[in-house]
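Chemist: Pasting data-v9.csv here (CSV, C-alpha atoms):
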chain,number,residue,atom,x,y,z
G,1,MET,CA,84.7,243.3,6.9
G,2,ASN,CA,82.4,243.2,9.9
G,3,LYS,CA,79.4,243.3,7.7
G,4,LYS,CA,80.5,240.2,5.7
G,5,ILE,CA,81.1,238.3,9.0
G,6,LEU,CA,77.6,239.0,10.2
G,7,ILE,CA,76.0,237.9,7.0
G,8,SER,CA,78.0,234.7,7.1
G,9,ILE,CA,77.0,233.9,10.6
G,10,LEU,CA,73.3,234.5,9.8
G,11,VAL,CA,73.4,232.1,6.9
G,12,ILE,CA,75.0,229.4,8.9
G,13,ALA,CA,72.5,229.8,11.7
G,14,VAL,CA,69.5,229.7,9.5
G,15,ALA,CA,70.8,226.6,7.7
G,16,ALA,CA,71.5,224.8,10.9
G,17,ALA,CA,68.0,225.5,12.1
G,18,LEU,CA,66.5,224.2,8.9
G,19,LEU,CA,68.5,221.0,9.0
G,20,GLY,CA,67.5,220.3,12.6
G,21,ALA,CA,63.8,220.9,12.2
G,22,GLY,CA,61.7,217.8,13.3
G,23,THR,CA,64.7,215.5,13.6
G,24,MET,CA,67.0,216.7,16.4
G,25,ALA,CA,66.7,215.5,20.1
G,26,TYR,CA,68.2,217.2,23.1
G,27,PHE,CA,69.5,216.1,26.5
G,28,THR,CA,67.5,217.6,29.3
G,29,HIS,CA,67.6,217.9,33.1
G,30,LYS,CA,65.0,219.5,35.4
G,31,ILE,CA,65.6,220.9,38.9
G,32,GLN,CA,63.1,222.1,41.4
G,33,VAL,CA,63.7,225.9,41.9
G,34,GLY,CA,61.1,226.6,44.6
G,35,GLN,CA,57.5,227.5,45.3
G,36,VAL,CA,56.0,231.0,45.3
G,37,THR,CA,53.3,232.0,47.8
G,38,PHE,CA,51.5,235.3,48.0
G,39,THR,CA,49.7,236.4,51.1
G,40,ALA,CA,47.9,239.7,51.3
G,41,GLY,CA,48.8,242.0,54.2
G,42,THR,CA,46.4,243.7,56.6
G,43,ILE,CA,45.5,247.3,57.3
G,44,GLU,CA,44.0,247.8,60.7
G,45,ILE,CA,43.9,250.7,63.2
G,46,ALA,CA,42.1,251.1,66.5
G,47,LEU,CA,41.6,253.7,69.3
G,48,MET,CA,44.0,253.1,72.2
G,49,ASP,CA,41.9,255.2,74.5
G,50,ASN,CA,38.5,253.4,74.4
G,51,LYS,CA,38.7,250.1,72.6
G,52,ASP,CA,35.4,248.8,74.0
G,53,SER,CA,33.2,251.3,72.2
G,54,GLU,CA,35.7,252.5,69.5
G,55,THR,CA,34.4,256.1,69.9
G,56,LEU,CA,35.2,259.0,72.1
G,57,THR,CA,33.0,262.0,73.1
G,58,TRP,CA,34.0,265.5,74.0
G,59,ASN,CA,31.6,268.1,75.4
G,60,PHE,CA,32.9,271.6,75.5
G,61,ASP,CA,30.4,273.6,77.6
G,62,ASP,CA,30.4,277.3,78.4
G,63,MET,CA,32.7,278.2,75.5
G,64,LYS,CA,33.5,282.0,75.4
G,65,PRO,CA,35.7,284.3,73.4
G,66,CYS,CA,39.5,283.6,74.0
G,67,TYR,CA,38.7,280.3,75.7
G,68,THR,CA,40.5,277.2,74.4
G,69,SER,CA,39.5,273.5,74.8
G,70,TYR,CA,41.6,270.5,74.0
G,71,ALA,CA,40.8,267.0,72.7
G,72,LYS,CA,43.4,264.3,72.4
G,73,PHE,CA,43.2,260.7,71.1
G,74,ASN,CA,45.6,257.9,70.2
G,75,ILE,CA,45.5,255.7,67.1
G,76,ILE,CA,47.4,252.4,67.2
G,77,ASN,CA,48.4,250.4,64.1
G,78,GLU,CA,47.3,246.8,64.7
G,79,GLY,CA,47.9,245.6,61.2
G,80,ASP,CA,51.0,244.1,59.7
G,81,ASN,CA,51.8,247.1,57.4
G,82,PRO,CA,52.7,250.7,58.0
G,83,VAL,CA,49.8,253.0,57.2
G,84,ASN,CA,49.2,256.6,56.1
G,85,VAL,CA,46.4,258.1,58.2
G,86,TYR,CA,43.9,260.9,57.4
G,87,LYS,CA,41.5,262.8,59.7
G,88,HIS,CA,38.1,263.8,58.5
G,89,LEU,CA,35.7,266.3,60.2
G,90,TYR,CA,32.1,265.9,59.0
G,91,ASN,CA,28.4,265.9,59.8
G,92,PHE,CA,28.3,269.4,61.2
G,93,THR,CA,25.0,270.4,62.8
G,94,PHE,CA,24.1,273.8,64.4
G,95,ASP,CA,21.5,274.7,66.9
G,96,GLU,CA,20.4,278.2,68.3
G,97,ASN,CA,19.9,276.4,71.6
G,98,GLY,CA,17.7,279.2,72.9
G,99,ILE,CA,18.2,282.9,72.5
G,100,THR,CA,19.7,284.9,75.4
G,101,ALA,CA,18.8,288.6,76.1
G,102,ALA,CA,22.2,289.7,74.8
G,103,GLU,CA,21.8,287.6,71.7
G,104,GLN,CA,18.3,289.1,71.1
G,105,GLN,CA,19.8,292.6,71.5
G,106,TYR,CA,22.4,291.7,68.9
G,107,TYR,CA,19.7,290.6,66.4
G,108,THR,CA,17.7,293.8,67.1
G,109,ASP,CA,20.7,296.1,66.7
G,110,ASN,CA,21.7,294.4,63.4
G,111,ASN,CA,18.1,294.0,62.0
G,112,ILE,CA,18.3,290.2,62.0
G,113,ASN,CA,15.1,288.2,62.3
G,114,ILE,CA,15.1,285.5,64.9
G,115,ALA,CA,14.0,283.1,62.1
G,116,ASP,CA,17.3,284.0,60.3
G,117,GLY,CA,19.4,283.7,63.4
G,118,LYS,CA,23.1,283.3,63.1
G,119,ASN,CA,24.5,280.2,64.7
G,120,ASP,CA,27.4,279.1,62.5
G,121,ILE,CA,30.0,279.1,65.3
G,122,ASP,CA,32.3,276.9,63.2
G,123,THR,CA,33.4,280.3,61.6
G,124,VAL,CA,34.7,281.6,64.9
G,125,ILE,CA,36.5,278.5,66.2
G,126,LEU,CA,40.2,278.4,65.4
G,127,TYR,CA,41.7,275.0,65.1
G,128,ASP,CA,45.1,273.6,66.1
G,129,LEU,CA,46.3,270.1,65.1
G,130,TRP,CA,49.5,268.4,66.2
G,131,VAL,CA,50.6,264.8,65.9
G,132,LYS,CA,53.4,262.7,67.5
G,133,VAL,CA,54.2,259.1,66.6
G,134,TYR,CA,55.6,256.6,69.1
G,135,VAL,CA,57.0,253.1,68.7
G,136,PRO,CA,57.8,250.3,71.2
G,137,ASP,CA,61.1,250.9,73.1
G,138,GLY,CA,61.6,247.2,73.9
G,139,ASN,CA,60.9,247.6,77.6
G,140,ASN,CA,57.1,247.5,77.5
G,141,GLY,CA,57.2,251.3,77.0
G,142,TRP,CA,57.2,253.8,74.1
G,143,LYS,CA,59.7,256.1,72.5
G,144,TRP,CA,59.0,259.2,70.4
G,145,LEU,CA,59.7,258.6,66.7
G,146,TRP,CA,58.5,261.7,64.8
G,147,GLY,CA,56.0,264.5,64.9
G,148,GLN,CA,54.8,267.7,63.3
G,149,GLY,CA,52.3,270.6,63.7
G,150,ILE,CA,49.7,270.6,60.9
G,151,TYR,CA,47.7,273.7,62.0
G,152,ASP,CA,48.4,276.4,64.5
G,153,GLU,CA,45.3,278.5,64.8
G,154,THR,CA,45.6,279.2,61.1
G,155,LYS,CA,42.2,277.7,60.1
G,156,THR,CA,38.7,277.9,61.3
G,157,LEU,CA,36.6,274.8,61.5
G,158,ASP,CA,34.4,275.8,58.6
G,159,GLN,CA,37.5,275.7,56.3
G,160,LEU,CA,38.2,272.1,57.2
G,161,GLU,CA,34.7,270.6,57.0
G,162,CYS,CA,34.5,267.4,54.9
G,163,LYS,CA,38.2,267.5,54.0
G,164,PHE,CA,40.6,264.7,54.6
G,165,ILE,CA,43.7,266.0,56.5
G,166,TYR,CA,46.9,264.0,56.1
G,167,LEU,CA,48.3,263.3,59.6
G,168,GLY,CA,51.4,261.1,58.7
G,169,MET,CA,52.5,257.5,58.8
G,170,ILE,CA,52.1,255.1,61.7
G,171,PRO,CA,54.6,252.2,61.6
G,172,VAL,CA,53.6,248.6,62.5
G,173,ASP,CA,53.0,248.4,66.2
G,174,GLY,CA,53.3,252.1,66.6
G,175,TYR,CA,50.7,254.7,67.6
G,176,MET,CA,49.9,258.3,66.8
G,177,GLU,CA,48.9,260.9,69.4
G,178,VAL,CA,46.5,263.4,67.8
G,179,LEU,CA,46.2,266.7,69.8
G,180,GLN,CA,43.5,269.2,68.8
G,181,SER,CA,42.6,272.5,70.3
G,182,TYR,CA,39.5,274.7,69.7
G,183,HIS,CA,39.9,278.4,70.4
G,184,MET,CA,37.0,280.8,70.1
G,185,LYS,CA,38.0,284.1,68.4
G,186,ALA,CA,38.4,287.1,70.7
G,187,ASN,CA,36.1,289.2,68.5
G,188,THR,CA,33.2,286.8,68.6
G,189,GLU,CA,30.0,288.8,69.1
G,190,ASP,CA,26.9,288.1,71.1
G,191,TRP,CA,25.1,286.3,68.3
G,192,ALA,CA,27.0,283.2,69.4
G,193,GLN,CA,25.8,283.1,72.9
G,194,SER,CA,24.3,279.7,73.9
G,195,ASP,CA,24.7,278.4,70.3
G,196,LYS,CA,25.6,274.7,69.9
G,197,MET,CA,27.5,272.8,67.3
G,198,THR,CA,28.3,269.1,66.9
G,199,PHE,CA,30.4,267.3,64.4
G,200,ASN,CA,32.0,263.9,64.0
G,201,ILE,CA,35.7,262.9,63.6
G,202,GLU,CA,36.9,259.8,61.8
G,203,VAL,CA,40.4,258.6,60.9
G,204,LYS,CA,41.1,256.6,57.8
G,205,ALA,CA,44.1,254.4,57.3
G,206,GLU,CA,45.6,253.5,53.9
G,207,GLN,CA,48.4,251.4,52.7
G,208,LEU,CA,51.5,253.2,51.6
G,209,LYS,CA,51.0,254.2,48.0
G,210,GLY,CA,54.4,255.6,47.1
G,211,GLU,CA,53.5,259.2,47.5
G,212,LEU,CA,55.0,261.8,49.9
G,213,THR,CA,54.4,265.5,50.3
G,214,LEU,CA,57.3,267.7,51.4
G,215,GLU,CA,56.5,271.0,53.1
G,216,ASN,CA,58.2,274.1,54.3
G,217,LYS,CA,58.2,274.0,58.1
G,218,ASP,CA,59.0,276.2,61.0
G,219,ALA,CA,61.8,273.9,62.1
G,220,ASP,CA,62.9,276.1,65.0
G,221,GLY,CA,59.8,275.3,66.9
G,222,ASN,CA,57.7,272.1,66.6
G,223,TYR,CA,58.0,271.6,62.9
G,224,LEU,CA,54.8,273.4,62.1
G,225,ILE,CA,53.8,273.2,58.4
G,226,LEU,CA,53.7,276.8,57.1
G,227,HIS,CA,51.1,276.1,54.4
G,228,ASP,CA,52.9,278.4,51.9
G,229,ASP,CA,53.6,277.8,48.2
G,230,LYS,CA,56.9,276.0,49.0
G,231,ILE,CA,55.9,272.4,48.6
G,232,GLY,CA,57.1,269.2,46.8
G,233,LYS,CA,55.6,265.9,45.8
G,234,LEU,CA,57.6,262.7,45.6
G,235,THR,CA,56.2,259.6,43.9
G,236,TYR,CA,58.1,256.3,44.1
G,237,ASN,CA,57.6,252.5,44.0
G,238,VAL,CA,57.2,251.2,47.5
G,239,MET,CA,58.4,247.7,46.5
G,240,TYR,CA,60.7,247.4,43.4
G,241,PRO,CA,64.2,246.3,42.5
G,242,THR,CA,65.3,249.9,42.2
G,243,PHE,CA,64.2,253.2,43.7
G,244,LYS,CA,62.3,254.6,40.8
G,245,TYR,CA,61.0,258.1,41.6
G,246,THR,CA,59.9,261.5,40.4
G,247,PHE,CA,60.0,264.7,42.5
G,248,THR,CA,58.3,268.0,41.5
G,249,GLY,CA,58.3,271.0,43.8
G,250,ARG,CA,58.9,274.6,44.6
G,251,ALA,CA,61.8,275.2,47.0
G,252,PRO,CA,62.4,278.3,49.2
G,253,LEU,CA,65.5,279.3,47.2
G,254,ALA,CA,65.4,280.2,43.5
G,255,ASP,CA,68.2,279.5,41.0
G,256,THR,CA,69.9,277.3,43.5
G,257,PRO,CA,71.3,273.7,43.3
G,258,TYR,CA,69.3,271.4,45.5
G,259,VAL,CA,69.7,267.7,46.5
G,260,LEU,CA,66.9,265.3,47.4
G,261,ILE,CA,68.2,263.2,50.3
G,262,TYR,CA,67.4,260.4,52.5
G,263,TYR,CA,68.1,261.8,56.0
G,264,ALA,CA,69.1,259.3,58.6
G,265,ASP,CA,68.9,260.1,62.3
G,266,PRO,CA,70.8,261.2,64.4
G,267,TRP,CA,72.8,264.1,62.8
G,268,GLY,CA,76.0,262.7,61.3
G,269,THR,CA,74.5,259.3,60.4
G,270,THR,CA,75.1,258.3,56.8
G,271,GLY,CA,72.0,258.8,54.5
G,272,ALA,CA,71.9,258.8,50.8
G,273,VAL,CA,71.6,261.1,47.7
G,274,ILE,CA,68.4,260.4,45.7
G,275,GLY,CA,68.8,263.1,43.1
G,276,THR,CA,70.0,266.6,42.3
G,277,GLY,CA,68.6,269.5,40.4
G,278,THR,CA,68.7,273.3,40.2
G,279,THR,CA,65.6,275.4,40.9
G,280,ASP,CA,64.5,278.0,38.3
G,281,ALA,CA,63.7,281.7,38.9
G,282,SER,CA,60.5,280.7,40.7
G,283,GLY,CA,62.1,278.0,42.8
G,284,ASP,CA,60.5,275.2,40.7
G,285,VAL,CA,62.3,272.0,39.9
G,286,THR,CA,61.6,268.4,38.7
G,287,ILE,CA,63.9,265.5,39.3
G,288,SER,CA,63.4,261.9,38.3
G,289,GLY,CA,65.6,258.8,38.4
G,290,ASP,CA,66.0,255.1,38.9
G,291,LEU,CA,68.8,254.1,41.3
G,292,GLU,CA,70.0,251.2,43.3
G,293,LEU,CA,69.5,252.5,46.8
G,294,GLY,CA,68.8,249.5,49.0
G,295,SER,CA,65.8,249.3,51.3
G,296,LEU,CA,64.9,252.3,53.4
G,297,PRO,CA,65.5,253.0,56.2
G,298,PHE,CA,69.1,251.8,56.5
G,299,GLY,CA,69.8,249.6,59.6
G,300,THR,CA,72.1,252.3,61.0
G,301,ASP,CA,69.2,254.9,61.0
G,302,ALA,CA,67.8,255.5,64.5
G,303,ASN,CA,64.4,255.4,62.9
G,304,SER,CA,65.0,251.8,61.6
G,305,PRO,CA,63.0,249.7,61.0
G,306,TYR,CA,60.0,252.1,61.2
G,307,GLY,CA,60.5,254.6,58.4
G,308,ALA,CA,62.8,257.0,56.5
G,309,LYS,CA,62.8,260.8,56.3
G,310,ILE,CA,63.1,262.4,52.9
G,311,TRP,CA,64.3,266.1,52.7
G,312,PHE,CA,65.0,268.5,49.9
G,313,VAL,CA,67.9,270.8,50.9
G,314,PRO,CA,70.4,273.2,49.2
G,315,SER,CA,73.4,271.3,47.9
G,316,SER,CA,75.7,273.7,49.8
G,317,ASP,CA,74.4,272.2,53.1
G,318,TYR,CA,75.1,268.6,52.1
G,319,ASN,CA,78.4,266.6,52.3
G,320,PHE,CA,78.3,264.4,49.2
G,321,ASP,CA,81.3,262.5,50.5
G,322,ASN,CA,79.9,261.1,53.7
G,323,GLY,CA,76.1,261.3,53.0
G,324,CYS,CA,75.4,263.8,55.9
G,325,LEU,CA,74.3,267.4,56.3
G,326,LYS,CA,77.2,269.8,57.0
G,327,ALA,CA,75.1,272.9,57.7
G,328,TRP,CA,71.6,273.7,59.1
G,329,SER,CA,69.4,276.3,57.3
G,330,PRO,CA,65.9,274.7,57.8
G,331,GLN,CA,64.2,277.8,56.4
G,332,ASN,CA,65.5,276.7,53.0
G,333,TYR,CA,64.4,273.1,53.3
G,334,LEU,CA,61.3,271.0,52.4
G,335,PHE,CA,60.7,268.4,55.1
G,336,GLU,CA,58.7,265.1,55.1
G,337,THR,CA,55.1,265.1,56.2
G,338,GLY,CA,55.4,261.4,57.0
G,339,LEU,CA,58.0,258.6,57.0
G,340,ILE,CA,58.4,256.3,54.0
G,341,ILE,CA,59.2,252.6,53.6
G,342,TYR,CA,61.0,251.4,50.5
G,343,ILE,CA,61.6,247.7,50.0
G,344,ASP,CA,64.2,246.6,47.5
G,345,SER,CA,62.4,243.5,46.2
G,346,LEU,CA,65.6,241.8,45.2
G,347,ASP,CA,66.9,241.9,48.8
For this file, produce the structure as structure tokens.
Modeler:
Amino acid sequence: MNKKILISILVIAVAAALLGAGTMAYFTHKIQVGQVTFTAGTIEIALMDNKDSETLTWNFDDMKPCYTSYAKFNIINEGDNPVNVYKHLYNFTFDENGITAAEQQYYTDNNINIADGKNDIDTVILYDLWVKVYVPDGNNGWKWLWGQGIYDETKTLDQLECKFIYLGMIPVDGYMEVLQSYHMKANTEDWAQSDKMTFNIEVKAEQLKGELTLENKDADGNYLILHDDKIGKLTYNVMYPTFKYTFTGRAPLADTPYVLIYYADPWGTTGAVIGTGTTDASGDVTISGDLELGSLPFGTDANSPYGAKIWFVPSSDYNFDNGCLKAWSPQNYLFETGLIIYIDSLD
């Protein structure tokens, strides 16, 4: 019966179209809907510390084993978009800078020719790197927004040469404090006496590209990234009518239900579930989805409007009814390495 009805309607429709071809007029009415204008945003950062020259110089003289020197600088976001920032150490040069008697003795004892002298002191300088992000507090001052430890004497400078190190996201009008320390190893031998090393530092800012790395962190301290194999990668559309995403990672717990969440500050503030999945025997999981989430961060988030935190946590720690964590076991989490912005383009 249905089949016959469909066929009948089709015949009538075609016949009507044929009869009207070339002869039928239509009433019309036009209205002005609006005008569309596109304006490109800007990406611009600057040093807060020395805006006149845009460069800073540190001279660490008389470095010795067990000594630690610090260098700090602040990067401010002067553009009209949040930016992801990366730090780059490059242009390393080395100089024997003369040979002391003790250094000469080391070369003699180890059968090293002076012409083949050893001066690569980047191999004995341990490197710390910590970042903190601040935003205006409304009273001509600044308030702390977010921070993390990236290295804690786990790397020597030679391991970081010519690599771009992701520092995090700086919101519009915010600034990032970058604190570095350089520690000479206790077992550095006399070959390093008087040797000299120089290198350059640059910071690159990029627009948000819809990518976020989640890391296992020492959350009981200063959120130091542990640099283990527990890591996740979230890709998403920064501006889209829906939050369309894919998350792939390795969590601390295997064979465990996990939930990918938007965590809103402070504790007890309603966030949102992004997706759920169960890790396999290796802790691996992939989740993807396309959901109506609304722009991030929510207005009730203490981090609003500057950015949103994304975490991957065991489902047993999350209250699905109120959108908040109900337990705290950070050793089992993957945390954000930067805040994200998501804009629901239909808002």
Chemist: Would you mind telling me which residue in G:Asp61, G:Asp137, G:Asp49, G:Glu161 lies nearest to G:Phe92 when using only C-alpha atoms?
Modeler: G:Glu161
Chemist: Pick the closest to G:Tyr318 from G:Thr270, G:Thr123, G:Asn84, G:Ser282: which is it, counting only C-alpha atoms?
Modeler: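 For G:Tyr318, the nearest of the given residues is G:Thr270.
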Chemist: Between G:Met197, G:Leu234, G:Leu293, G:Leu260, which is the closest to G:Val313 once you count all atoms listed in the file?
Modeler: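 With all atoms listed in the file as the atom set, the closest residue is G:Leu260.
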Chemist: Name the residues in contact with G:Asn303 at a cut-off of 12 Å, using all atoms listed in the file, excluding same-chain residues fewer than 6 positions from it; report them as a list in words.
Modeler: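 Answer for this query is Val133, Tyr134, Val135, Pro136, Asp137, Lys143, Trp144, Leu145, Trp146, Pro171, Tyr262, Tyr263, Ala264, Asp265, Pro266, Thr269, Gly271, Leu296, Pro297, Lys309, Leu339, Ile340 and Ile341 of chain G.
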Chemist: Can you write out as JSON lines which residues of stretch 160-258 of chain G fall within 9 Å of stretch 62-74 of chain G, alongside each residue's closest atom pair and its distance in Å to one decimal, counting only C-alpha atoms and ordering rows by chain and ascending residue number?
Modeler:
{"residue": "G:Tyr175", "atom": "CA", "partner": "G:Asn74", "partner_atom": "CA", "distance": 6.6}
{"residue": "G:Met176", "atom": "CA", "partner": "G:Asn74", "partner_atom": "CA", "distance": 5.5}
{"residue": "G:Glu177", "atom": "CA", "partner": "G:Asn74", "partner_atom": "CA", "distance": 4.5}
{"residue": "G:Val178", "atom": "CA", "partner": "G:Phe73", "partner_atom": "CA", "distance": 5.4}
{"residue": "G:Leu179", "atom": "CA", "partner": "G:Lys72", "partner_atom": "CA", "distance": 4.5}
{"residue": "G:Gln180", "atom": "CA", "partner": "G:Ala71", "partner_atom": "CA", "distance": 5.2}
{"residue": "G:Ser181", "atom": "CA", "partner": "G:Tyr70", "partner_atom": "CA", "distance": 4.3}
{"residue": "G:Tyr182", "atom": "CA", "partner": "G:Ser69", "partner_atom": "CA", "distance": 5.2}
{"residue": "G:His183", "atom": "CA", "partner": "G:Thr68", "partner_atom": "CA", "distance": 4.2}
{"residue": "G:Met184", "atom": "CA", "partner": "G:Pro65", "partner_atom": "CA", "distance": 5.0}
{"residue": "G:Lys185", "atom": "CA", "partner": "G:Pro65", "partner_atom": "CA", "distance": 5.5}
{"residue": "G:Ala186", "atom": "CA", "partner": "G:Pro65", "partner_atom": "CA", "distance": 4.7}
{"residue": "G:Asn187", "atom": "CA", "partner": "G:Pro65", "partner_atom": "CA", "distance": 6.9}
{"residue": "G:Thr188", "atom": "CA", "partner": "G:Pro65", "partner_atom": "CA", "distance": 6.0}
{"residue": "G:Glu189", "atom": "CA", "partner": "G:Pro65", "partner_atom": "CA", "distance": 8.4}
{"residue": "G:Ala192", "atom": "CA", "partner": "G:Lys64", "partner_atom": "CA", "distance": 8.9}
{"residue": "G:Gln193", "atom": "CA", "partner": "G:Lys64", "partner_atom": "CA", "distance": 8.2}
{"residue": "G:Ser194", "atom": "CA", "partner": "G:Asp62", "partner_atom": "CA", "distance": 8.0}
Chemist: Grab the atom CA of G:Gly149 to atom CA of G:Tyr223 distance for me, in Å with one decimal place.
Modeler: 5.8 Å
